[in-house]
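**Student:** For reference, the file query-v8.cif (mmCIF, C-alpha atoms) is included below:
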data_protein
loop_
_atom_site.label_atom_id
_atom_site.label_comp_id
_atom_site.auth_asym_id
_atom_site.auth_seq_id
_atom_site.Cartn_x
_atom_site.Cartn_y
_atom_site.Cartn_z
CA MET P 1 7.95 38.08 -2.77
CA ASN P 2 9.53 35.48 -0.44
CA LYS P 3 10.74 36.77 2.90
CA LYS P 4 13.88 35.29 4.40
CA ILE P 5 14.15 34.73 8.12
CA SER P 6 17.27 34.12 10.16
CA ILE P 7 18.15 30.57 11.09
CA GLY P 8 18.14 31.58 14.74
CA LEU P 9 14.58 32.85 14.58
CA CYS P 10 13.52 29.79 12.61
CA LEU P 11 14.98 27.36 15.11
CA SER P 12 13.57 29.31 18.01
CA LEU P 13 10.16 28.90 16.46
CA ILE P 14 10.80 25.19 16.04
CA ILE P 15 11.81 24.83 19.70
CA VAL P 16 8.64 26.60 20.74
CA SER P 17 6.72 24.28 18.43
CA ILE P 18 8.24 21.22 20.06
CA THR P 19 7.88 22.29 23.64
CA ALA P 20 4.66 24.24 23.62
CA THR P 21 2.57 23.70 20.52
CA PHE P 22 3.44 20.26 19.17
CA ALA P 23 -0.04 19.14 20.20
CA VAL P 24 -1.48 21.84 17.93
CA THR P 25 0.68 20.86 14.96
CA MET P 26 -0.08 17.19 15.46
CA VAL P 27 -3.56 16.55 16.82
CA VAL P 28 -2.53 13.68 19.07
CA SER P 29 1.24 14.09 19.16
CA LYS P 30 1.36 14.82 22.87
CA GLN P 31 -0.38 11.55 23.73
CA ILE P 32 1.78 9.65 21.25
CA TYR P 33 4.98 11.23 22.48
CA ASN P 34 4.11 10.72 26.14
CA GLY P 35 3.26 7.09 25.41
CA ILE P 36 6.62 6.50 23.77
CA ILE P 37 8.76 8.56 26.14
CA SER P 38 7.01 8.33 29.49
CA ASN P 39 10.02 9.42 31.54
CA ILE P 40 9.88 13.18 32.14
CA SER P 41 13.67 13.50 32.37
CA GLN P 42 14.02 11.81 28.97
CA ARG P 43 11.62 14.30 27.42
CA SER P 44 13.47 17.18 29.00
CA GLN P 45 16.77 15.84 27.64
CA THR P 46 15.25 15.68 24.15
CA TYR P 47 14.17 19.32 24.33
CA GLU P 48 17.57 20.35 25.65
CA SER P 49 19.34 18.52 22.82
CA VAL P 50 17.27 20.34 20.19
CA ASP P 51 17.87 23.63 21.99
CA GLU P 52 21.62 22.94 21.95
CA ILE P 53 21.55 22.24 18.21
CA SER P 54 19.55 25.44 17.74
CA LYS P 55 22.22 27.51 19.43
CA ILE P 56 25.05 25.92 17.45
CA ILE P 57 23.31 26.43 14.12
CA SER P 58 22.20 29.92 15.05
CA ASN P 59 25.81 30.92 15.82
CA TYR P 60 27.67 29.11 13.05
CA PHE P 61 25.39 28.11 10.16
CA TYR P 62 26.30 30.04 7.02
CA GLY P 63 22.92 30.62 5.38
CA THR P 64 19.31 31.65 5.75
CA VAL P 65 16.02 29.81 5.76
CA GLU P 66 13.48 30.73 3.11
CA ASP P 67 10.76 28.16 3.78
CA MET P 68 9.65 27.70 7.38
CA SER P 69 6.95 25.19 6.38
CA TYR P 70 9.61 22.94 4.86
CA LEU P 71 11.56 22.90 8.12
CA ASN P 72 8.42 22.15 10.11
CA SER P 73 7.60 19.24 7.80
CA ALA P 74 11.18 17.98 8.03
CA LEU P 75 10.96 18.17 11.82
CA VAL P 76 7.80 16.07 11.99
CA GLU P 77 9.08 13.63 9.37
CA GLY P 78 12.34 13.15 11.25
CA TYR P 79 10.45 12.67 14.52
CA VAL P 80 8.32 9.88 13.03
CA ASN P 81 11.28 8.29 11.24
CA GLY P 82 13.06 8.20 14.58
CA LEU P 83 10.56 5.59 15.77
CA GLY P 84 12.36 3.05 13.60
CA ASP P 85 9.07 1.67 12.26
CA PRO P 86 8.95 1.51 8.44
CA ASN P 87 5.14 1.38 8.59
CA SER P 88 4.85 4.69 10.48
CA VAL P 89 5.36 7.63 8.13
CA TYR P 90 4.73 11.35 7.82
CA LEU P 91 2.60 12.41 4.85
CA ASP P 92 2.65 15.97 3.57
CA ALA P 93 -0.64 17.57 2.51
CA GLU P 94 -0.45 16.25 -1.06
CA GLU P 95 0.52 12.74 0.03
CA TYR P 96 -2.20 12.73 2.68
CA ALA P 97 -4.88 13.70 0.14
CA GLU P 98 -3.62 11.06 -2.30
CA TYR P 99 -3.57 8.40 0.42
CA THR P 100 -7.12 9.05 1.59
CA ASP P 101 -8.41 9.32 -1.98
CA THR P 102 -6.91 5.92 -2.76
CA LEU P 103 -8.37 4.30 0.36
CA GLU P 104 -11.82 5.68 -0.45
CA GLY P 105 -11.86 5.10 -4.20
CA GLY P 106 -8.96 2.88 -5.17
CA ILE P 107 -6.25 3.71 -7.68
CA THR P 108 -7.00 5.97 -10.63
CA GLY P 109 -5.07 6.58 -13.82
CA VAL P 110 -5.20 6.02 -17.58
CA GLY P 111 -6.15 2.36 -17.12
CA VAL P 112 -3.00 0.31 -17.69
CA GLU P 113 -0.69 -1.98 -15.79
CA THR P 114 2.99 -1.95 -16.61
CA ALA P 115 6.24 -3.71 -15.81
CA TYR P 116 9.89 -3.22 -16.68
CA ASP P 117 11.44 -6.16 -18.53
CA TYR P 118 15.08 -6.16 -17.41
CA GLY P 119 15.91 -8.87 -19.92
CA SER P 120 15.00 -6.76 -22.95
CA GLY P 121 15.37 -3.36 -21.28
CA SER P 122 11.77 -2.50 -22.18
CA PHE P 123 8.95 -0.81 -20.29
CA VAL P 124 5.97 -2.96 -21.22
CA ILE P 125 2.21 -2.49 -20.92
CA THR P 126 1.01 -5.77 -19.41
CA HIS P 127 -2.71 -5.08 -19.20
CA VAL P 128 -5.19 -2.51 -20.51
CA TYR P 129 -8.52 -2.21 -18.72
CA GLU P 130 -11.67 -2.37 -20.79
CA ASP P 131 -13.35 0.99 -21.52
CA SER P 132 -10.42 2.88 -19.98
CA PRO P 133 -8.91 6.01 -21.59
CA ALA P 134 -5.87 3.90 -22.47
CA ALA P 135 -8.06 1.38 -24.32
CA LYS P 136 -9.92 4.14 -26.12
CA ALA P 137 -6.59 5.66 -27.16
CA GLY P 138 -5.61 2.36 -28.75
CA LEU P 139 -3.03 1.07 -26.25
CA LYS P 140 -2.76 -2.72 -25.95
CA ALA P 141 -0.97 -5.29 -23.83
CA HIS P 142 2.63 -5.93 -24.99
CA ASP P 143 3.05 -2.36 -26.31
CA VAL P 144 6.49 -1.03 -25.36
CA VAL P 145 6.41 2.47 -23.86
CA THR P 146 9.44 4.44 -25.04
CA ALA P 147 8.66 7.90 -23.63
CA ILE P 148 6.23 9.57 -21.22
CA ASP P 149 5.58 13.31 -21.44
CA ASN P 150 8.52 13.63 -23.86
CA THR P 151 10.98 11.96 -21.46
CA THR P 152 12.63 8.79 -22.76
CA VAL P 153 12.04 5.78 -20.52
CA THR P 154 15.19 4.21 -19.10
CA ARG P 155 15.99 1.58 -16.52
CA GLY P 156 16.80 4.35 -14.07
CA ASN P 157 13.68 6.48 -14.48
CA TYR P 158 10.90 4.07 -15.47
CA SER P 159 9.52 3.86 -11.93
CA ALA P 160 9.21 7.64 -11.57
CA LEU P 161 7.79 8.04 -15.07
CA SER P 162 5.22 5.28 -14.51
CA GLU P 163 3.70 7.42 -11.73
CA LYS P 164 2.57 9.82 -14.45
CA LEU P 165 0.18 7.11 -15.67
CA TYR P 166 -1.71 7.29 -12.37
CA GLY P 167 -3.75 10.02 -10.70
CA SER P 168 -7.22 11.53 -10.64
CA ARG P 169 -6.52 15.02 -11.97
CA LEU P 170 -8.45 15.91 -15.11
CA SER P 171 -5.53 16.08 -17.51
CA SER P 172 -3.80 13.87 -20.04
CA VAL P 173 -0.37 12.27 -20.28
CA LYS P 174 1.60 11.87 -23.49
CA VAL P 175 2.62 8.25 -24.12
CA GLU P 176 4.99 7.27 -26.91
CA TYR P 177 5.02 3.54 -27.66
CA GLU P 178 6.20 0.96 -30.16
CA ARG P 179 4.22 -1.86 -31.68
CA ASP P 180 5.40 -4.10 -34.53
CA GLY P 181 8.27 -1.74 -35.31
CA GLU P 182 6.02 1.32 -35.56
CA THR P 183 6.14 4.26 -33.12
CA LYS P 184 2.95 6.04 -32.12
CA VAL P 185 1.98 8.78 -29.66
CA VAL P 186 -1.31 9.01 -27.76
CA GLU P 187 -2.57 11.22 -24.93
CA PRO P 188 -5.03 9.30 -22.74
CA LEU P 189 -6.81 11.10 -19.92
CA LEU P 190 -6.20 10.39 -16.23
CA GLY P 191 -8.97 9.71 -13.72
CA PHE P 192 -10.11 6.19 -14.67
CA SER P 193 -10.97 4.07 -11.61
CA ILE P 194 -8.78 0.98 -11.86
CA PRO P 195 -10.46 -2.12 -10.37
CA SER P 196 -8.70 -3.61 -7.36
CA VAL P 197 -10.18 -7.04 -8.20
CA VAL P 198 -9.82 -8.83 -11.54
CA GLY P 199 -11.22 -12.30 -12.25
CA ASN P 200 -11.30 -14.90 -15.02
CA LEU P 201 -12.16 -18.55 -15.50
CA SER P 202 -9.97 -21.39 -16.78
CA GLY P 203 -11.93 -24.60 -17.16
CA ASN P 204 -13.76 -24.93 -13.87
CA VAL P 205 -11.15 -23.06 -11.82
CA GLY P 206 -11.69 -19.38 -11.13
CA TYR P 207 -8.86 -16.91 -10.70
CA VAL P 208 -9.17 -13.64 -8.74
CA ARG P 209 -6.32 -11.17 -8.38
CA ILE P 210 -6.58 -8.55 -5.63
CA THR P 211 -4.22 -5.58 -5.96
CA GLY P 212 -5.29 -3.69 -2.82
CA PHE P 213 -7.90 -3.54 -0.07
CA TYR P 214 -9.85 -0.30 -0.42
CA GLU P 215 -13.36 0.89 0.38
CA ASN P 216 -14.74 -0.45 -2.91
CA THR P 217 -12.79 -3.74 -2.90
CA ALA P 218 -15.38 -5.84 -1.03
CA ALA P 219 -18.09 -4.93 -3.56
CA GLU P 220 -15.76 -5.66 -6.50
CA PHE P 221 -14.69 -8.92 -4.87
CA LYS P 222 -18.26 -10.04 -4.26
CA GLU P 223 -19.19 -9.29 -7.86
CA ALA P 224 -16.14 -11.12 -9.26
CA VAL P 225 -16.76 -14.24 -7.17
CA ALA P 226 -20.48 -14.28 -8.04
CA LYS P 227 -19.67 -13.97 -11.75
CA LEU P 228 -17.19 -16.85 -11.61
CA ARG P 229 -19.72 -19.06 -9.84
CA GLU P 230 -22.34 -18.24 -12.47
CA GLN P 231 -19.82 -19.20 -15.16
CA GLY P 232 -19.32 -22.60 -13.55
CA ALA P 233 -16.32 -22.18 -11.24
CA GLU P 234 -15.99 -25.09 -8.82
CA SER P 235 -12.91 -23.70 -7.04
CA ILE P 236 -11.11 -20.36 -6.90
CA ILE P 237 -7.51 -19.17 -6.72
CA PHE P 238 -7.00 -15.84 -4.94
CA ASP P 239 -3.79 -14.08 -5.93
CA VAL P 240 -2.41 -11.57 -3.40
CA ARG P 241 1.20 -11.76 -4.50
CA ASN P 242 2.84 -8.32 -4.45
CA THR P 243 -0.25 -6.93 -2.67
CA SER P 244 0.33 -4.67 0.32
CA LYS P 245 -1.87 -1.59 -0.05
CA GLY P 246 -5.13 -0.79 1.69
CA SER P 247 -6.28 -1.24 5.28
CA ILE P 248 -7.12 -3.97 7.75
CA ASP P 249 -10.68 -2.62 7.98
CA TYR P 250 -11.28 -3.18 4.27
CA ALA P 251 -9.47 -6.53 4.24
CA ALA P 252 -11.88 -7.73 6.93
CA GLN P 253 -14.82 -6.70 4.74
CA VAL P 254 -13.44 -8.79 1.87
CA ILE P 255 -12.90 -11.78 4.15
CA ASP P 256 -16.49 -11.44 5.36
CA VAL P 257 -17.72 -11.91 1.78
CA ILE P 258 -16.13 -15.34 1.40
CA VAL P 259 -15.88 -17.09 4.79
CA PRO P 260 -18.76 -18.60 6.79
CA ALA P 261 -20.17 -16.84 9.84
CA ILE P 262 -18.32 -17.92 12.98
CA SER P 263 -19.13 -17.54 16.66
CA ASP P 264 -16.17 -15.35 17.65
CA ASN P 265 -14.17 -13.14 15.26
CA ILE P 266 -12.05 -13.14 12.14
CA ALA P 267 -9.52 -10.68 13.57
CA VAL P 268 -8.94 -8.34 16.47
CA ALA P 269 -6.55 -5.39 16.86
CA LYS P 270 -4.71 -5.15 20.18
CA ASP P 271 -2.78 -2.18 21.51
CA LYS P 272 0.63 -2.30 23.19
CA ASN P 273 -1.00 -3.24 26.50
CA GLY P 274 -2.82 -6.21 24.99
CA ASN P 275 -6.22 -4.53 25.04
CA VAL P 276 -8.63 -4.28 22.10
CA TYR P 277 -7.81 -1.10 20.19
CA LYS P 278 -10.84 1.19 19.73
CA ASN P 279 -13.30 -1.72 19.52
CA LYS P 280 -11.53 -3.12 16.46
CA VAL P 281 -13.03 -6.61 16.57
CA TYR P 282 -13.94 -7.98 13.15
CA THR P 283 -16.65 -10.60 12.65
CA ALA P 284 -18.02 -12.63 9.74
CA GLU P 285 -21.73 -12.17 9.22
CA ASN P 286 -22.40 -12.45 5.47
CA SER P 287 -23.35 -15.63 3.64
CA SER P 288 -20.30 -17.69 2.72
CA VAL P 289 -18.97 -19.33 -0.42
CA THR P 290 -18.24 -23.02 0.04
CA MET P 291 -15.76 -24.50 -2.42
CA PRO P 292 -12.03 -25.33 -2.49
CA PHE P 293 -9.74 -22.29 -2.36
CA ALA P 294 -6.06 -21.57 -2.85
CA VAL P 295 -4.26 -18.32 -2.05
CA LEU P 296 -1.04 -17.29 -3.80
CA ILE P 297 1.44 -15.33 -1.66
CA ASN P 298 5.06 -14.21 -1.88
CA SER P 299 7.59 -12.06 -0.04
CA TYR P 300 5.77 -8.90 -1.20
CA THR P 301 2.43 -10.04 0.25
CA SER P 302 2.07 -7.70 3.19
CA GLY P 303 -0.31 -6.19 5.77
CA PRO P 304 -4.01 -6.54 4.87
CA ALA P 305 -3.20 -9.14 2.20
CA GLU P 306 -1.54 -11.29 4.87
CA LEU P 307 -4.67 -11.15 7.03
CA PHE P 308 -6.72 -12.25 4.01
CA ALA P 309 -4.45 -15.25 3.36
CA CYS P 310 -4.18 -16.20 7.04
CA ASP P 311 -7.93 -16.14 7.66
CA LEU P 312 -8.80 -18.07 4.51
CA ARG P 313 -6.33 -20.72 5.64
CA ASP P 314 -7.72 -20.93 9.17
CA ILE P 315 -11.43 -20.50 8.41
CA SER P 316 -11.94 -21.92 4.92
CA GLN P 317 -9.02 -24.37 4.86
CA ALA P 318 -7.51 -22.69 1.81
CA GLN P 319 -4.19 -23.96 0.52
CA ILE P 320 -1.49 -21.27 0.74
CA ILE P 321 0.88 -21.56 -2.21
CA GLY P 322 4.08 -19.67 -2.95
CA THR P 323 6.77 -18.31 -0.65
CA ALA P 324 6.70 -16.81 2.86
CA SER P 325 4.97 -13.42 3.16
CA ALA P 326 6.49 -10.15 4.39
CA GLY P 327 5.36 -10.32 8.03
CA VAL P 328 3.62 -6.97 8.53
CA GLY P 329 0.92 -7.87 11.05
CA THR P 330 0.21 -4.45 12.50
CA MET P 331 -2.51 -1.85 12.06
CA GLN P 332 -1.85 1.76 11.11
CA GLU P 333 -4.06 4.77 11.78
CA LEU P 334 -4.02 8.26 10.28
CA PHE P 335 -3.67 11.29 12.56
CA ALA P 336 -4.31 14.59 10.79
CA LEU P 337 -2.03 17.57 11.36
CA GLU P 338 -2.97 21.22 11.24
CA ASP P 339 -0.41 21.87 8.49
CA GLY P 340 -2.58 19.75 6.15
CA GLY P 341 -0.41 16.66 6.42
CA ALA P 342 -0.84 13.57 8.57
CA VAL P 343 1.01 10.88 10.45
CA LEU P 344 0.30 7.26 9.53
CA LEU P 345 1.18 5.54 12.80
CA THR P 346 1.35 1.89 13.83
CA VAL P 347 -1.15 1.60 16.68
CA ALA P 348 -1.94 -2.09 17.17
CA LEU P 349 -1.03 -5.71 16.53
CA VAL P 350 -3.43 -7.70 14.35
CA GLU P 351 -4.44 -11.04 15.82
CA PRO P 352 -6.04 -13.20 13.11
CA ARG P 353 -8.67 -15.93 13.44
CA GLY P 354 -6.13 -18.47 14.67
CA GLY P 355 -5.32 -16.41 17.78
CA GLU P 356 -1.91 -15.57 19.24
CA GLN P 357 -0.26 -18.60 17.70
CA ALA P 358 -1.30 -17.41 14.23
CA VAL P 359 0.12 -13.89 14.58
CA TYR P 360 2.32 -13.29 11.53
CA ASP P 361 3.95 -9.97 12.43
CA LYS P 362 7.71 -10.10 11.81
CA VAL P 363 7.58 -13.80 10.92
CA GLY P 364 5.30 -13.88 7.88
CA ILE P 365 2.94 -16.61 6.74
CA THR P 366 4.50 -19.93 5.78
CA PRO P 367 2.81 -21.47 2.71
CA THR P 368 1.24 -24.89 3.05
CA VAL P 369 2.76 -25.66 -0.37
CA GLU P 370 6.04 -23.85 -0.95
CA VAL P 371 6.71 -23.04 -4.60
CA THR P 372 9.48 -20.70 -5.75
CA LEU P 373 9.13 -19.05 -9.14
CA ALA P 374 11.36 -20.65 -11.74
CA SER P 375 12.53 -17.17 -12.77
CA GLY P 376 13.43 -16.34 -9.17
CA ASP P 377 11.97 -12.84 -9.62
CA ASP P 378 8.78 -12.00 -7.71
CA SER P 379 8.73 -8.33 -8.67
CA ASN P 380 7.51 -8.65 -12.28
CA LEU P 381 4.76 -11.27 -12.11
CA LEU P 382 2.79 -9.57 -14.85
CA LEU P 383 5.52 -10.34 -17.37
CA LEU P 384 5.23 -14.09 -16.80
CA THR P 385 3.31 -16.30 -19.20
CA GLY P 386 1.08 -19.06 -17.84
CA GLU P 387 3.83 -21.62 -18.34
CA GLN P 388 6.42 -19.50 -16.51
CA ASP P 389 4.22 -18.86 -13.47
CA ASN P 390 4.70 -22.19 -11.74
CA GLN P 391 3.05 -20.92 -8.54
CA LEU P 392 -0.18 -20.31 -10.43
CA SER P 393 0.10 -23.56 -12.39
CA THR P 394 0.64 -25.49 -9.14
CA ALA P 395 -2.55 -24.01 -7.71
CA MET P 396 -4.45 -24.74 -10.95
CA ASN P 397 -3.32 -28.37 -10.94
CA MET P 398 -4.25 -28.83 -7.27
CA LEU P 399 -7.76 -27.41 -7.68
CA ALA P 400 -8.48 -28.97 -11.06
CA ALA P 401 -7.57 -32.46 -9.81
#
Reformat the file's structure so that it appears as structure tokens.

**Tutor:**
Amino acid sequence: MNKKISIGLCLSLIIVSITATFAVTMVVSKQIYNGIISNISQRSQTYESVDEISKIISNYFYGTVEDMSYLNSALVEGYVNGLGDPNSVYLDAEEYAEYTDTLEGGITGVGVETAYDYGSGSFVITHVYEDSPAAKAGLKAHDVVTAIDNTTVTRGNYSALSEKLYGSRLSSVKVEYERDGETKVVEPLLGFSIPSVVGNLSGNVGYVRITGFYENTAAEFKEAVAKLREQGAESIIFDVRNTSKGSIDYAAQVIDVIVPAISDNIAVAKDKNGNVYKNKVYTAENSSVTMPFAVLINSYTSGPAELFACDLRDISQAQIIGTASAGVGTMQELFALEDGGAVLLTVALVEPRGGEQAVYDKVGITPTVEVTLASGDDSNLLLLTGEQDNQLSTAMNMLAA
């Protein structure tokens, strides 16, 4: 049985939480808050403003509060949103668990990639991973998904429904699809580990697509590059278009696989005072791969993917092909909260191999060869055929020459 509490009592508890126990709710919130608002009078004014709102709501709000935890979460979320930094976010307990699981093991699901074709109004499977539950259920590339878990796919809900195809829980998802005019229904299981690195060979040019930078990405990347070299690749295209997920730590590990060892560093994280943040200095120590490279980027290339592109340009003289990247050159760190959630907070600026002059935060990376997609749409790359992807074909022609 749910117990209701008065709004006055609820807000009183919130005020106490802010003024006395915020450091308990958020492990490092006091240090963070003091660092942002160092003026004591400003802090006092903030507390007074919340207290004033508490009194107004307590006296005039027509209603009761049934879920104190929801209000606490909303309080912390609003506090973080108030920083005005889109890369600093509050994660509830479920989101926090999902985020850490992804960083540690990559993305899991039924084993497909999908895209919405606005031209035909179809939700299309663009790739099915070998040995995945989706492959075993008979799904193939170019199948059109018409319903997921008995909900018809539309332009308005396809994004939300597509999330049902991902996750690690041991359950299945019902997928209705059309192929050659025939409708079928399958129920593939979730939990398949989707590779973050996919490679293939065209002639003597290798192609490697990186979808995120996770704990297992460096190992997958090393294996993919080694396989392409064994198959006869004399140059490699690295595709980080639409790639933004993962961490700087794991991006540095991937860079270390490919670039030669250098005397200083491949990146360093610096705090707001210009000092190295928590000894975050990244070096290249592994054996390198020496051959011509190209890196494909676009406006959705962000964060760790930008560091990858920037360092390959400055260390391995890779050609950067495409359009300017997003310009997210900061590092985020997770701070766990006692309510089971966490705050993902921007804590440092990432300085790449090229030093201060190569910092790409808020300006992005300018390609050495600018190529705009003929379709003008960067969001659905997986729907493009080889002929339509003129960014990829430009890179292929440059490296095959």

**Student:** Give me, as a list in words, all polymer residues having an atom no more than 9 Å from range 192-198 of chain P, counting all atoms listed in the file and skipping those fewer than 3 positions away in the same chain.

**Tutor:**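 Once the adjacent positions are removed, what remains is Gly105, Gly106, Ile107, Thr108, Gly109, Val110, Gly111, Val112, Tyr129, Ser132, Pro133, Tyr166, Gly167, Ser168, Leu189, Tyr207, Val208, Arg209, Ile210, Thr211, Gly212, Phe213, Tyr214, Asn216, Thr217, Ala218, Glu220, Phe221 and Ala224 of chain P.
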
**Student:** Which residues come within 10 Å of Val144 in chain P, counting only C-alpha atoms, excluding same-chain residues fewer than 3 positions away, as a list of chain:residue names?

**Tutor:**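 The residues that qualify are P:Thr114, P:Ala115, P:Tyr116, P:Asp117, P:Ser122, P:Phe123, P:Val124, P:Ile125, P:Thr126, P:Leu139, P:Lys140, P:Ala141, P:Ala147, P:Glu176, P:Tyr177, P:Glu178, P:Arg179, P:Asp180, P:Thr183.
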
**Student:** List every protein, DNA or RNA residue that has at least one atom no more than 12 Å from (7.2, 22.8, 1.1) in the file's coordinates, counting all atoms listed in the file, and write the result as a list of chain:residue names.

**Tutor:**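 Residues satisfying the cut-off, written out: P:Glu66, P:Asp67, P:Met68, P:Ser69, P:Tyr70, P:Leu71, P:Asn72, P:Ser73, P:Ala74, P:Leu91, P:Asp92, P:Ala93, P:Glu94, P:Asp339, P:Gly340, P:Gly341.
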
**Student:** Would you put the residues from that selection into a file with C-alpha atoms, as a compact mmCIF listing (two decimals), keeping the file's coordinate frame?

**Tutor:**
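Heads up, here's the output in part-v2.txt:
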# COMPACT_ATOMS: atom_id res chain seq x y z
CA GLU P 66 13.48 30.73 3.11
CA ASP P 67 10.76 28.16 3.78
CA MET P 68 9.65 27.70 7.38
CA SER P 69 6.95 25.19 6.38
CA TYR P 70 9.61 22.94 4.86
CA LEU P 71 11.56 22.90 8.12
CA ASN P 72 8.42 22.15 10.11
CA SER P 73 7.60 19.24 7.80
CA ALA P 74 11.18 17.98 8.03
CA LEU P 91 2.60 12.41 4.85
CA ASP P 92 2.65 15.97 3.57
CA ALA P 93 -0.64 17.57 2.51
CA GLU P 94 -0.45 16.25 -1.06
CA ASP P 339 -0.41 21.87 8.49
CA GLY P 340 -2.58 19.75 6.15
CA GLY P 341 -0.41 16.66 6.42

**Student:** In file coordinates, which residues lie within 7 Å of (3.7, -9.4, -20.1) using only C-alpha atoms, given as a list in words?

**Tutor:**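 Those within range, by chain then number, are Val124, Thr126, His142, Leu382, Leu383, Leu384 and Thr385 of chain P.
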
**Student:** Can you spit out the residues from that selection as a PDB file, in the coordinates of the input, using C-alpha atoms?

**Tutor:**
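Saved the output as out.pdb:
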ATOM      1  CA  VAL P 124       5.970  -2.960 -21.220  1.00  0.00           C
ATOM      2  CA  THR P 126       1.010  -5.770 -19.410  1.00  0.00           C
ATOM      3  CA  HIS P 142       2.630  -5.930 -24.990  1.00  0.00           C
ATOM      4  CA  LEU P 382       2.790  -9.570 -14.850  1.00  0.00           C
ATOM      5  CA  LEU P 383       5.520 -10.340 -17.370  1.00  0.00           C
ATOM      6  CA  LEU P 384       5.230 -14.090 -16.800  1.00  0.00           C
ATOM      7  CA  THR P 385       3.310 -16.300 -19.200  1.00  0.00           C
TER       8      THR P 385
END

**Student:** Please write the residues picked by the PyMOL selection byres ((chain P and resi 297-302) around 8) on this file as a list in words.

**Tutor:**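 Applied to this file, the PyMOL selection byres ((chain P and resi 297-302) around 8) selects Asp239, Val240, Arg241, Asn242, Thr243, Ser244, Lys245, Val295, Leu296, Gly303, Pro304, Ala305, Glu306, Ala309, Ile320, Ile321, Gly322, Thr323, Ala324, Ser325, Ala326, Gly327, Val328, Gly329, Pro367 and Asp378 of chain P.
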
**Student:** Determine the nearest neighbour of Leu228 in chain P from the options P:Gly199, P:Gly246, P:Pro352, P:Pro86, counting all atoms listed in the file.

**Tutor:**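 Under the stated criterion, the closest residue is P:Gly199.
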
**Student:** Mind completing range 108-119 of chain P with N, CA, C and O atoms? Output as a CSV table (one decimal), keeping the file's coordinate frame, please?

**Tutor:**
chain,number,residue,atom,x,y,z
P,108,THR,N,-6.5,5.4,-9.4
P,108,THR,CA,-7.0,6.0,-10.6
P,108,THR,C,-5.8,6.2,-11.6
P,108,THR,O,-4.7,6.4,-11.1
P,109,GLY,N,-6.1,6.3,-12.9
P,109,GLY,CA,-5.1,6.6,-13.8
P,109,GLY,C,-5.6,6.5,-15.2
P,109,GLY,O,-6.8,6.7,-15.5
P,110,VAL,N,-4.8,6.1,-16.2
P,110,VAL,CA,-5.2,6.0,-17.6
P,110,VAL,C,-5.8,4.6,-17.9
P,110,VAL,O,-6.4,4.5,-18.9
P,111,GLY,N,-5.5,3.7,-17.0
P,111,GLY,CA,-6.2,2.4,-17.1
P,111,GLY,C,-5.2,1.3,-17.7
P,111,GLY,O,-5.7,0.4,-18.4
P,112,VAL,N,-4.0,1.3,-17.3
P,112,VAL,CA,-3.0,0.3,-17.7
P,112,VAL,C,-2.3,-0.2,-16.5
P,112,VAL,O,-2.2,0.4,-15.4
P,113,GLU,N,-1.7,-1.4,-16.7
P,113,GLU,CA,-0.7,-2.0,-15.8
P,113,GLU,C,0.6,-2.1,-16.6
P,113,GLU,O,0.6,-2.5,-17.8
P,114,THR,N,1.7,-1.9,-15.9
P,114,THR,CA,3.0,-2.0,-16.6
P,114,THR,C,4.0,-2.7,-15.8
P,114,THR,O,3.9,-2.9,-14.6
P,115,ALA,N,5.1,-3.1,-16.5
P,115,ALA,CA,6.2,-3.7,-15.8
P,115,ALA,C,7.5,-3.5,-16.6
P,115,ALA,O,7.4,-3.3,-17.9
P,116,TYR,N,8.6,-3.4,-16.0
P,116,TYR,CA,9.9,-3.2,-16.7
P,116,TYR,C,10.5,-4.6,-16.9
P,116,TYR,O,10.8,-5.3,-16.0
P,117,ASP,N,10.8,-4.9,-18.2
P,117,ASP,CA,11.4,-6.2,-18.5
P,117,ASP,C,13.0,-5.9,-18.6
P,117,ASP,O,13.5,-5.4,-19.5
P,118,TYR,N,13.6,-6.4,-17.5
P,118,TYR,CA,15.1,-6.2,-17.4
P,118,TYR,C,15.8,-7.0,-18.5
P,118,TYR,O,16.9,-6.6,-18.9
P,119,GLY,N,15.3,-8.1,-18.9
P,119,GLY,CA,15.9,-8.9,-19.9
P,119,GLY,C,16.1,-8.1,-21.2
P,119,GLY,O,17.1,-8.1,-21.9
